[in-house]
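> See start_35.tsv below, with TSV, C-alpha atoms.
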chain	number	residue	atom	x	y	z
A	1	MET	CA	0.00	0.00	0.00
A	2	TRP	CA	2.73	2.42	0.96
A	3	ALA	CA	4.55	1.56	-2.23
A	4	ILE	CA	1.53	2.55	-4.29
A	5	ILE	CA	1.15	5.80	-2.38
A	6	ALA	CA	4.85	6.59	-2.85
A	7	ALA	CA	4.55	5.87	-6.55
A	8	PHE	CA	1.55	8.20	-6.89
A	9	PHE	CA	3.42	10.83	-4.90
A	10	LEU	CA	6.46	10.59	-7.14
A	11	ILE	CA	4.26	10.72	-10.22
A	12	ALA	CA	2.52	13.84	-8.88
A	13	ILE	CA	5.85	15.49	-8.14
A	14	PHE	CA	7.05	14.63	-11.64
A	15	VAL	CA	3.91	16.07	-13.26
A	16	VAL	CA	4.16	19.25	-11.19
A	17	HIS	CA	7.86	19.54	-12.06
A	18	VAL	CA	7.15	19.12	-15.75
A	19	ARG	CA	4.41	21.72	-15.64
A	20	TRP	CA	6.60	24.17	-13.72
A	21	ALA	CA	9.48	23.45	-16.12
A	22	LYS	CA	7.25	24.22	-19.08
A	23	LYS	CA	6.02	27.42	-17.45
A	24	PHE	CA	9.59	28.40	-16.55
A	25	SER	CA	10.74	27.61	-20.08
A	26	ARG	CA	7.92	29.70	-21.51
A	27	ALA	CA	8.81	32.48	-19.10
A	28	ILE	CA	12.45	32.27	-20.20
A	29	ASP	CA	11.40	32.32	-23.85
A	30	LEU	CA	9.09	35.27	-23.21
A	31	ARG	CA	11.88	37.11	-21.40
A	32	ASP	CA	14.31	36.39	-24.24
A	33	LYS	CA	11.78	37.64	-26.77
A	34	GLU	CA	11.17	40.79	-24.72
A	35	LEU	CA	14.92	41.33	-24.40
A	36	ALA	CA	15.34	40.79	-28.15
A	37	GLN	CA	12.55	43.27	-28.83
A	38	ILE	CA	14.12	45.77	-26.44
A	39	ARG	CA	17.50	45.31	-28.15
A	40	GLN	CA	15.82	45.66	-31.53
A	41	ARG	CA	14.02	48.83	-30.46
A	42	GLU	CA	17.22	50.21	-28.94
A	43	GLY	CA	19.16	49.28	-32.06
A	44	ALA	CA	16.52	50.90	-34.29
A	45	ALA	CA	16.50	53.99	-32.09
A	46	PHE	CA	20.30	54.10	-32.18
A	47	ARG	CA	20.35	53.69	-35.97
A	48	LYS	CA	17.64	56.32	-36.32
A	49	ALA	CA	19.58	58.73	-34.14
A	50	GLU	CA	22.73	57.94	-36.09
A	51	ASP	CA	20.92	58.48	-39.41
A	52	GLN	CA	19.47	61.74	-38.13
A	53	GLN	CA	22.89	62.88	-37.01
A	54	ARG	CA	24.41	61.94	-40.37
A	55	ALA	CA	21.58	63.69	-42.25
A	56	LEU	CA	22.05	66.79	-40.09
A	57	LEU	CA	25.79	66.89	-40.70
A	58	ASN	CA	25.36	66.25	-44.43
A	59	SER	CA	22.78	69.04	-44.69
A	60	MET	CA	25.34	71.58	-43.49
A	61	ILE	CA	26.73	74.00	-46.07
A	62	GLU	CA	30.01	74.18	-44.17
A	63	GLY	CA	32.47	71.33	-44.32
A	64	LEU	CA	32.97	69.48	-41.03
A	65	LEU	CA	36.04	67.45	-40.08
A	66	LEU	CA	36.54	65.55	-36.81
A	67	LEU	CA	39.92	64.18	-35.71
A	68	ASP	CA	40.86	62.03	-32.75
A	69	ASN	CA	43.70	63.02	-30.44
A	70	ASP	CA	46.18	61.22	-32.70
A	71	GLY	CA	45.19	63.45	-35.60
A	72	ARG	CA	43.31	60.73	-37.51
A	73	ILE	CA	40.03	61.46	-39.28
A	74	GLN	CA	36.95	60.10	-37.52
A	75	LEU	CA	34.22	62.00	-39.34
A	76	ALA	CA	33.81	64.12	-42.49
A	77	ASN	CA	30.46	65.33	-43.80
A	78	ARG	CA	29.39	65.45	-47.43
A	79	ALA	CA	30.10	69.17	-47.78
A	80	LEU	CA	33.74	68.61	-46.82
A	81	GLU	CA	34.08	65.73	-49.26
A	82	ASN	CA	32.66	67.95	-52.02
A	83	LEU	CA	34.87	70.92	-51.10
A	84	PHE	CA	38.05	68.88	-51.28
A	85	GLY	CA	36.95	66.24	-53.79
A	86	VAL	CA	37.60	63.31	-51.43
A	87	THR	CA	35.56	60.26	-50.36
A	88	ALA	CA	34.75	58.38	-47.17
A	89	GLY	CA	37.98	56.43	-47.71
A	90	ILE	CA	39.78	59.14	-45.75
A	91	TYR	CA	38.56	57.75	-42.38
A	92	GLY	CA	41.45	56.71	-40.16
A	93	LYS	CA	43.97	58.74	-42.17
A	94	THR	CA	45.91	61.81	-41.11
A	95	ILE	CA	45.32	65.21	-42.73
A	96	ILE	CA	48.49	64.93	-44.78
A	97	GLU	CA	47.50	61.48	-46.03
A	98	ALA	CA	43.95	62.54	-46.88
A	99	PHE	CA	44.41	66.08	-48.23
A	100	ARG	CA	48.13	66.53	-48.91
A	101	ASN	CA	47.80	69.99	-47.38
A	102	HIS	CA	50.56	71.23	-45.07
A	103	GLN	CA	48.57	74.30	-43.96
A	104	LEU	CA	45.85	72.09	-42.46
A	105	ALA	CA	48.45	69.82	-40.86
A	106	GLU	CA	50.13	72.84	-39.25
A	107	LEU	CA	46.71	74.04	-38.08
A	108	ALA	CA	46.17	70.70	-36.30
A	109	ASN	CA	49.58	71.05	-34.64
A	110	ARG	CA	48.72	74.58	-33.47
A	111	LEU	CA	45.54	73.28	-31.84
A	112	GLN	CA	47.66	71.22	-29.47
A	113	ARG	CA	48.94	74.53	-28.06
A	114	GLU	CA	46.23	77.13	-28.70
A	115	ARG	CA	43.04	75.03	-28.33
A	116	GLU	CA	41.08	77.40	-30.65
A	117	ILE	CA	41.84	79.05	-34.01
A	118	LEU	CA	39.28	81.29	-35.70
A	119	GLU	CA	38.96	82.69	-39.26
A	120	PHE	CA	42.11	81.08	-40.58
A	121	GLU	CA	42.24	81.32	-44.40
A	122	ILE	CA	43.84	78.77	-46.70
A	123	GLN	CA	44.15	78.75	-50.48
A	124	LEU	CA	44.25	75.67	-52.65
A	125	SER	CA	46.49	76.31	-55.63
A	126	GLU	CA	44.70	74.50	-58.40
A	127	LEU	CA	43.91	75.30	-62.03
A	128	ARG	CA	41.24	77.58	-60.56
A	129	PRO	CA	42.34	78.74	-57.08
A	130	ARG	CA	39.96	78.18	-54.18
A	131	TRP	CA	39.84	79.85	-50.76
A	132	PHE	CA	38.51	78.51	-47.45
A	133	GLN	CA	38.00	79.99	-44.02
A	134	VAL	CA	38.68	77.47	-41.25
A	135	ASN	CA	37.48	77.64	-37.64
A	136	ALA	CA	39.11	74.96	-35.49
A	137	SER	CA	38.76	73.95	-31.85
A	138	ALA	CA	40.13	71.28	-29.54
A	139	ILE	CA	37.61	68.84	-28.01
A	140	THR	CA	38.16	68.17	-24.30
A	141	ASP	CA	36.65	65.83	-21.68
A	142	ASN	CA	35.26	66.85	-18.28
A	143	ASP	CA	38.77	67.03	-16.87
A	144	GLY	CA	39.93	69.42	-19.60
A	145	LYS	CA	42.04	66.78	-21.33
A	146	GLN	CA	42.11	67.06	-25.12
A	147	ILE	CA	40.47	64.06	-26.80
A	148	GLY	CA	40.06	65.34	-30.38
A	149	MET	CA	39.80	68.26	-32.77
A	150	ILE	CA	37.00	69.71	-34.87
A	151	PHE	CA	37.38	71.82	-38.04
A	152	VAL	CA	34.62	73.79	-39.77
A	153	PHE	CA	35.32	74.92	-43.37
A	154	HIS	CA	33.52	77.77	-45.14
A	155	ASP	CA	34.08	78.21	-48.88
A	156	LEU	CA	35.23	81.79	-49.59
A	157	THR	CA	35.92	81.26	-53.29
A	158	ARG	CA	32.87	83.13	-54.55
A	159	LEU	CA	33.48	86.04	-52.16
A	160	LYS	CA	37.14	86.23	-53.20
A	161	GLN	CA	36.16	86.19	-56.87
A	162	LEU	CA	33.65	88.99	-56.29
A	163	GLU	CA	36.27	90.97	-54.36
A	164	ASN	CA	38.78	90.49	-57.19
A	165	THR	CA	36.10	91.57	-59.69
A	166	ARG	CA	35.35	94.64	-57.58
A	167	GLN	CA	39.03	95.58	-57.34
A	168	GLU	CA	39.49	95.05	-61.07
A	169	PHE	CA	36.36	97.09	-61.79
A	170	VAL	CA	37.52	99.98	-59.58
A	171	ALA	CA	40.98	99.88	-61.18
A	172	ASN	CA	39.51	99.87	-64.69
A	173	VAL	CA	37.06	102.69	-63.95
A	174	SER	CA	39.83	104.72	-62.35
A	175	HIS	CA	42.00	104.20	-65.43
A	176	GLU	CA	39.18	105.02	-67.85
A	177	LEU	CA	38.36	108.20	-65.92
A	178	ARG	CA	41.95	109.27	-65.34
A	179	THR	CA	43.01	109.10	-69.00
A	180	PRO	CA	40.54	111.63	-70.45
A	181	LEU	CA	40.72	113.81	-67.34
A	182	SER	CA	44.49	114.00	-67.64
A	183	MET	CA	44.18	114.91	-71.33
A	184	ILE	CA	41.58	117.60	-70.58
A	185	LYS	CA	43.69	119.00	-67.74
A	186	GLY	CA	46.80	119.09	-69.91
A	187	TYR	CA	45.11	120.90	-72.79
A	188	VAL	CA	43.42	123.39	-70.43
A	189	GLU	CA	46.76	124.18	-68.78
A	190	THR	CA	48.33	124.67	-72.21
A	191	LEU	CA	45.52	127.02	-73.23
A	192	MET	CA	45.84	128.99	-70.01
A	193	GLY	CA	49.60	129.15	-70.55
A	194	GLY	CA	49.14	131.20	-73.73
A	195	ALA	CA	47.89	128.84	-76.42
A	196	LYS	CA	44.43	130.43	-76.19
A	197	ASP	CA	45.86	133.50	-77.96
A	198	ASP	CA	46.43	131.45	-81.14
A	199	PRO	CA	42.94	130.84	-82.64
A	200	ALA	CA	44.03	127.84	-84.72
A	201	VAL	CA	45.74	126.09	-81.81
A	202	ALA	CA	42.94	127.04	-79.39
A	203	GLY	CA	40.28	125.63	-81.75
A	204	LYS	CA	42.16	122.36	-82.15
A	205	PHE	CA	42.69	122.01	-78.41
A	206	LEU	CA	39.04	122.75	-77.67
A	207	GLN	CA	37.96	120.05	-80.14
A	208	THR	CA	40.21	117.58	-78.35
A	209	ILE	CA	38.81	118.64	-74.97
A	210	GLU	CA	35.27	118.17	-76.30
A	211	ARG	CA	36.15	114.68	-77.61
A	212	HIS	CA	37.50	113.57	-74.22
A	213	THR	CA	34.54	115.18	-72.43
A	214	ASN	CA	32.22	113.12	-74.61
A	215	ARG	CA	34.24	110.03	-73.75
A	216	LEU	CA	33.68	110.72	-70.05
A	217	THR	CA	29.98	111.26	-70.67
A	218	PHE	CA	29.67	107.95	-72.55
A	219	LEU	CA	31.56	106.14	-69.80
A	220	ILE	CA	29.32	107.50	-67.05
A	221	GLU	CA	26.17	106.72	-69.05
A	222	ASP	CA	27.37	103.17	-69.68
A	223	LEU	CA	28.24	102.72	-66.00
A	224	LEU	CA	24.76	103.85	-64.99
A	225	THR	CA	23.17	101.57	-67.60
A	226	ILE	CA	25.04	98.45	-66.57
A	227	SER	CA	24.40	99.22	-62.91
A	228	GLU	CA	20.66	99.35	-63.59
A	229	LEU	CA	20.77	96.16	-65.68
A	230	GLU	CA	22.76	94.16	-63.12
A	231	SER	CA	20.64	95.32	-60.18
A	232	GLY	CA	17.36	94.44	-61.92
A	233	ARG	CA	16.00	97.96	-61.40
A	234	ILE	CA	15.59	98.62	-65.11
A	235	VAL	CA	12.05	98.52	-66.53
A	236	LEU	CA	11.59	97.30	-70.09
A	237	ASN	CA	8.90	98.99	-72.18
A	238	TYR	CA	7.68	96.22	-74.47
A	239	GLU	CA	6.40	97.11	-77.93
A	240	ASP	CA	6.47	95.69	-81.45
A	241	VAL	CA	9.91	96.34	-82.97
A	242	GLU	CA	10.41	95.90	-86.72
A	243	LEU	CA	14.01	94.68	-86.74
A	244	ARG	CA	15.05	95.56	-90.30
A	245	SER	CA	14.11	99.22	-89.74
A	246	ALA	CA	15.87	99.23	-86.34
A	247	VAL	CA	19.08	97.86	-87.88
A	248	GLN	CA	18.90	100.25	-90.84
A	249	LYS	CA	18.66	103.23	-88.50
A	250	ILE	CA	21.83	102.12	-86.66
A	251	ILE	CA	23.64	101.50	-89.95
A	252	GLN	CA	22.82	105.03	-91.10
A	253	ASP	CA	24.16	106.47	-87.84
A	254	LEU	CA	27.39	104.47	-88.13
A	255	GLN	CA	27.83	104.77	-91.91
A	256	GLU	CA	30.36	107.61	-91.75
A	257	ARG	CA	32.50	105.76	-89.24
A	258	ALA	CA	32.35	102.59	-91.37
A	259	GLU	CA	33.38	104.49	-94.52
A	260	GLU	CA	36.35	106.00	-92.69
A	261	ARG	CA	37.56	102.48	-91.95
A	262	GLY	CA	36.62	101.07	-95.32
A	263	VAL	CA	34.01	98.72	-93.92
A	264	GLU	CA	30.82	97.85	-95.81
A	265	LEU	CA	27.65	97.46	-93.73
A	266	GLU	CA	24.94	95.11	-95.00
A	267	ASN	CA	21.43	94.67	-93.60
A	268	GLN	CA	20.01	91.22	-94.45
A	269	ILE	CA	17.20	91.24	-91.86
A	270	PRO	CA	13.89	90.10	-93.48
A	271	CYS	CA	11.31	92.87	-93.84
A	272	ASP	CA	8.62	91.07	-91.81
A	273	LEU	CA	10.82	90.04	-88.85
A	274	THR	CA	9.31	91.60	-85.72
A	275	THR	CA	10.01	91.21	-82.00
A	276	LYS	CA	8.20	92.24	-78.84
A	277	ALA	CA	10.90	94.11	-76.93
A	278	ASP	CA	12.12	97.44	-75.57
A	279	ALA	CA	12.97	99.38	-78.75
A	280	SER	CA	15.60	101.66	-77.17
A	281	ARG	CA	17.38	98.72	-75.55
A	282	VAL	CA	17.34	96.74	-78.80
A	283	ASP	CA	18.91	99.78	-80.49
A	284	GLN	CA	21.67	99.68	-77.85
A	285	VAL	CA	22.35	96.04	-78.66
A	286	PHE	CA	22.61	96.68	-82.40
A	287	TRP	CA	24.68	99.84	-81.92
A	288	ASN	CA	27.25	98.14	-79.68
A	289	LEU	CA	27.56	95.00	-81.81
A	290	ILE	CA	27.77	96.81	-85.15
A	291	ASP	CA	30.13	99.47	-83.79
A	292	ASN	CA	32.31	96.71	-82.29
A	293	ALA	CA	32.34	94.88	-85.64
A	294	ILE	CA	33.37	98.07	-87.47
A	295	LYS	CA	36.33	98.47	-85.12
A	296	TYR	CA	37.56	94.90	-85.57
A	297	GLY	CA	36.10	93.85	-88.95
A	298	SER	CA	38.38	94.28	-91.95
A	299	ARG	CA	36.02	94.66	-94.92
A	300	ALA	CA	32.38	93.85	-94.21
A	301	VAL	CA	29.80	93.60	-91.44
A	302	VAL	CA	26.60	91.65	-92.13
A	303	VAL	CA	23.47	91.62	-89.96
A	304	CYS	CA	20.93	88.86	-90.57
A	305	GLY	CA	18.03	87.27	-88.69
A	306	GLN	CA	15.50	84.47	-88.77
A	307	GLU	CA	12.61	83.00	-86.83
A	308	ILE	CA	13.36	80.00	-84.60
A	309	GLY	CA	10.28	77.99	-83.84
A	310	ASP	CA	7.02	79.82	-83.19
A	311	THR	CA	8.13	82.08	-80.35
A	312	GLY	CA	11.70	83.19	-80.95
A	313	ILE	CA	14.03	85.17	-83.22
A	314	LYS	CA	17.76	84.71	-83.78
A	315	ILE	CA	19.92	87.65	-84.88
A	316	SER	CA	23.53	87.42	-86.08
A	317	VAL	CA	26.13	90.17	-86.52
A	318	ALA	CA	29.12	88.88	-88.48
A	319	ASP	CA	32.45	90.46	-89.42
A	320	ASP	CA	35.44	89.14	-91.36
A	321	GLY	CA	38.11	90.45	-89.00
A	322	ASP	CA	40.95	88.75	-87.16
A	323	GLY	CA	38.73	86.58	-84.96
A	324	ILE	CA	38.76	85.95	-81.22
A	325	PRO	CA	41.18	83.51	-79.52
A	326	PRO	CA	39.53	80.58	-77.68
A	327	GLU	CA	40.82	81.77	-74.29
A	328	ALA	CA	39.11	85.16	-74.77
A	329	LYS	CA	35.66	83.80	-75.67
A	330	GLU	CA	34.72	83.13	-72.04
A	331	ARG	CA	35.66	86.66	-70.97
A	332	ILE	CA	34.53	88.71	-73.95
A	333	PHE	CA	31.34	89.85	-72.18
A	334	GLU	CA	33.12	90.94	-68.98
A	335	ARG	CA	33.16	94.61	-68.05
A	336	PHE	CA	36.30	96.39	-69.34
A	337	TYR	CA	37.78	93.17	-70.72
A	338	ARG	CA	40.27	94.07	-73.44
A	339	MET	CA	41.53	91.43	-75.82
A	340	ASP	CA	44.06	93.85	-77.29
A	341	LYS	CA	44.53	96.79	-74.91
A	342	ALA	CA	46.69	98.82	-77.31
A	343	ARG	CA	44.15	98.48	-80.12
A	344	SER	CA	41.27	99.22	-77.76
A	345	ARG	CA	42.84	102.50	-76.72
A	346	GLU	CA	43.35	103.36	-80.37
A	347	THR	CA	39.74	102.60	-81.37
A	348	GLY	CA	38.18	104.15	-78.26
A	349	GLY	CA	35.08	102.98	-76.40
A	350	THR	CA	34.28	102.49	-72.74
A	351	GLY	CA	34.90	98.73	-72.57
A	352	LEU	CA	31.34	98.17	-71.31
A	353	GLY	CA	29.51	97.71	-74.62
A	354	LEU	CA	29.45	93.91	-74.77
A	355	ALA	CA	28.63	93.60	-71.08
A	356	ILE	CA	25.62	95.89	-71.64
A	357	VAL	CA	24.59	93.82	-74.68
A	358	LYS	CA	24.66	90.61	-72.65
A	359	HIS	CA	22.52	92.03	-69.85
A	360	ILE	CA	19.96	93.56	-72.24
A	361	VAL	CA	19.56	90.27	-74.10
A	362	GLN	CA	19.20	88.34	-70.83
A	363	ALA	CA	16.66	90.88	-69.58
A	364	HIS	CA	14.55	89.91	-72.63
A	365	HIS	CA	14.82	86.21	-71.70
A	366	GLY	CA	17.29	85.72	-74.52
A	367	LYS	CA	20.83	84.39	-74.74
A	368	ILE	CA	23.96	85.53	-76.56
A	369	TRP	CA	26.99	83.62	-77.77
A	370	ILE	CA	29.84	83.92	-80.25
A	371	GLU	CA	31.40	81.86	-83.02
A	372	SER	CA	34.89	82.79	-84.06
A	373	GLN	CA	38.00	81.40	-85.67
A	374	ILE	CA	41.37	83.14	-85.81
A	375	GLY	CA	41.71	84.84	-89.18
A	376	GLU	CA	38.13	83.98	-90.22
A	377	GLY	CA	36.12	86.66	-88.43
A	378	THR	CA	33.58	86.64	-85.62
A	379	THR	CA	29.81	86.22	-85.45
A	380	PHE	CA	27.73	87.33	-82.47
A	381	HIS	CA	24.43	85.47	-82.17
A	382	PHE	CA	21.60	86.45	-79.84
A	383	THR	CA	17.94	85.60	-79.42
A	384	LEU	CA	14.88	87.74	-78.76
A	385	PRO	CA	11.23	86.83	-78.20
A	386	GLY	CA	8.90	86.83	-81.18
A	387	ILE	CA	5.52	88.51	-81.06
A	388	MET	CA	3.85	85.33	-79.73
A	389	GLY	CA	6.66	84.46	-77.33
A	390	ALA	CA	7.06	87.76	-75.52
A	391	ASP	CA	6.90	87.89	-71.74
A	392	PRO	CA	5.60	91.22	-70.42
A	393	ASN	CA	7.41	90.64	-67.13
A	394	PRO	CA	11.18	90.91	-67.57
A	395	PRO	CA	13.41	88.83	-65.29
A	396	SER	CA	14.81	90.46	-62.18
A	397	GLU	CA	18.34	89.22	-62.77
Show me, as structure tokens, the structure contained in the file I just sent.

Amino acid sequence: MWAIIAAFFLIAIFVVHVRWAKKFSRAIDLRDKELAQIRQREGAAFRKAEDQQRALLNSMIEGLLLLDNDGRIQLANRALENLFGVTAGIYGKTIIEAFRNHQLAELANRLQREREILEFEIQLSELRPRWFQVNASAITDNDGKQIGMIFVFHDLTRLKQLENTRQEFVANVSHELRTPLSMIKGYVETLMGGAKDDPAVAGKFLQTIERHTNRLTFLIEDLLTISELESGRIVLNYEDVELRSAVQKIIQDLQERAEERGVELENQIPCDLTTKADASRVDQVFWNLIDNAIKYGSRAVVVCGQEIGDTGIKISVADDGDGIPPEAKERIFERFYRMDKARSRETGGTGLGLAIVKHIVQAHHGKIWIESQIGEGTTFHFTLPGIMGADPNPPSE
């Protein structure tokens, strides 16, 4: 009897043990699943935070570079990679290994002593020079011990280019103003010194003074015009412009100058070619281009035009002069750019004509370009809106 009871007791204990083991196992499994879910959530949160941090750094305009205390790169955002033309393969490398730039390497060495360097400028000597402003700081722990370095790069290239353009512009304007003023002053002093008593000499001198005074007037007018065009303050008065008549009027005004140089002017614009544009500004374009062609064309200047599609017109002004070198084509529309400075002084002009032409064409939503070969002449092409393609609201740029 006791044996049977013991057997039942053992069986009961076994059953209870199995049940508790299953419950414990399920509890363990549940805990493991919960831990896995927690790890997964933490991992997802960590990856999300890491992605957000990377997106934030890559959205910065400034380049960001992070070094450890050994001077090896730990982080570089996309802006920095674009600024220096490098890739993520720079991680773990020193500045010299990654950028081959001794100025940056010296900057990192200075941070060991100074802890902070602000507004340090470096220049990369490439085919087209580039400038950067660097702000650098040492990274320290709670005890003040340096554990890394951070560099922030701001691209100054555009600002430097604008500053160089400004300086060149001021220098050119000063030169263009000084030359006629010096001539006027010299002739006036000569007249005051006694030359005024000789009518023939006085008349000749006064004619020269008037010529240089006109040159100053044209320069100031051109400066005001290009200032208005570049600032977007100019207002275009759109009207129907019959292009053959507009060109013929300019040719008549320039005919005497062309005959003096032995240049034939030919108007091949079709009679029915009409644009919707500012008539006075279109006259400026034709005047500058034809006058420029007379100066540099050897025998003939031809103006022609045609419709392009349903909403545009293409005009061409061609000469058979010496042509424009390839290196000058990109700069020909710059203010005061002189391909041949000696010849430019001889032929006169303010040096702003082609720059004004470019801005007037662009203000009409058109474009201008050149085709030229050395010894084969030059053709200026530009587009204007047709009657159906005109926009009554000129661009602000």
> Of the candidates A:Glu176, A:Glu119, A:Asp155, A:Glu168, which shows the shortest atom-to-atom distance to Leu223 in chain A, using all atoms listed in the file?
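Of the candidates, the smallest distance to Leu223 in chain A is held by A:Glu176.
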> Check the smallest atom-to-atom distance from each of A:Pro129, A:Gly194, A:Pro385, A:Gly71 to Thr94 in chain A using all atoms listed in the file, then report the winner.
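Using all atoms listed in the file, Thr94 in chain A sits closest to A:Gly71.
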> Quick one: everything within 8 Å of Glu334 in chain A, counting all atoms listed in the file, minus sequence neighbours fewer than 2 positions away in the same chain. Send it as a list in words.
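Residues near the query, excluding close chain neighbours: Arg331, Ile332, Phe336, Tyr337, Leu352, Leu354 and Ala355 of chain A.
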> Mind giving me the axis-aligned box for range 362-376 of chain A with 3 Å on every side, centre plus edges in Å to one decimal, as JSON?

{"center_x": 28.1, "center_y": 86.1, "center_z": -79.9, "size_x": 33.2, "size_y": 15.5, "size_z": 26.6}
> Could you check how far CA of Ser137 in chain A sits from CA of Val86 in chain A, in Å to one decimal?
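For CA of Ser137 in chain A relative to CA of Val86 in chain A, the distance reads 22.3 Å.
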> For CA of Ile370 in chain A and CA of Gln284 in chain A, determine how far apart the two atoms are, in Å to one decimal place.
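Distance between the two atoms: 17.9 Å.
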> Missing atoms in range 213-229 of chain A need filling: write out N, CA and C atoms for it as an mmCIF file, in the coordinates of the input.

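selection-v1.cif, freshly written:
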data_model
loop_
_atom_site.group_PDB
_atom_site.id
_atom_site.type_symbol
_atom_site.label_atom_id
_atom_site.label_comp_id
_atom_site.auth_asym_id
_atom_site.auth_seq_id
_atom_site.Cartn_x
_atom_site.Cartn_y
_atom_site.Cartn_z
ATOM 1 N N THR A 213 35.717 114.955 -73.280
ATOM 2 C CA THR A 213 34.540 115.180 -72.430
ATOM 3 C C THR A 213 33.410 114.239 -72.830
ATOM 4 N N ASN A 214 33.234 114.066 -74.133
ATOM 5 C CA ASN A 214 32.220 113.120 -74.610
ATOM 6 C C ASN A 214 32.555 111.701 -74.180
ATOM 7 N N ARG A 215 33.835 111.369 -74.189
ATOM 8 C CA ARG A 215 34.240 110.030 -73.750
ATOM 9 C C ARG A 215 33.868 109.803 -72.293
ATOM 10 N N LEU A 216 34.079 110.832 -71.458
ATOM 11 C CA LEU A 216 33.680 110.720 -70.050
ATOM 12 C C LEU A 216 32.168 110.570 -69.909
ATOM 13 N N THR A 217 31.440 111.333 -70.717
ATOM 14 C CA THR A 217 29.980 111.260 -70.670
ATOM 15 C C THR A 217 29.491 109.865 -71.041
ATOM 16 N N PHE A 218 30.061 109.298 -72.126
ATOM 17 C CA PHE A 218 29.670 107.950 -72.550
ATOM 18 C C PHE A 218 29.996 106.922 -71.470
ATOM 19 N N LEU A 219 31.160 107.083 -70.837
ATOM 20 C CA LEU A 219 31.560 106.140 -69.800
ATOM 21 C C LEU A 219 30.584 106.167 -68.625
ATOM 22 N N ILE A 220 30.238 107.368 -68.179
ATOM 23 C CA ILE A 220 29.320 107.500 -67.050
ATOM 24 C C ILE A 220 27.939 106.955 -67.400
ATOM 25 N N GLU A 221 27.468 107.254 -68.621
ATOM 26 C CA GLU A 221 26.170 106.720 -69.050
ATOM 27 C C GLU A 221 26.177 105.201 -69.104
ATOM 28 N N ASP A 222 27.274 104.626 -69.615
ATOM 29 C CA ASP A 222 27.370 103.170 -69.680
ATOM 30 C C ASP A 222 27.446 102.554 -68.290
ATOM 31 N N LEU A 223 28.164 103.211 -67.374
ATOM 32 C CA LEU A 223 28.240 102.720 -66.000
ATOM 33 C C LEU A 223 26.869 102.715 -65.339
ATOM 34 N N LEU A 224 26.104 103.788 -65.552
ATOM 35 C CA LEU A 224 24.760 103.850 -64.990
ATOM 36 C C LEU A 224 23.854 102.790 -65.616
ATOM 37 N N THR A 225 23.996 102.577 -66.919
ATOM 38 C CA THR A 225 23.170 101.570 -67.600
ATOM 39 C C THR A 225 23.446 100.177 -67.091
ATOM 40 N N ILE A 226 24.725 99.809 -67.005
ATOM 41 C CA ILE A 226 25.040 98.450 -66.570
ATOM 42 C C ILE A 226 24.708 98.242 -65.105
ATOM 43 N N SER A 227 24.803 99.317 -64.308
ATOM 44 C CA SER A 227 24.400 99.220 -62.910
ATOM 45 C C SER A 227 22.914 98.911 -62.794
ATOM 46 N N GLU A 228 22.099 99.595 -63.603
ATOM 47 C CA GLU A 228 20.660 99.350 -63.590
ATOM 48 C C GLU A 228 20.336 97.938 -64.075
ATOM 49 N N LEU A 229 21.025 97.495 -65.125
ATOM 50 C CA LEU A 229 20.770 96.160 -65.680
ATOM 51 C C LEU A 229 21.131 95.072 -64.680
#
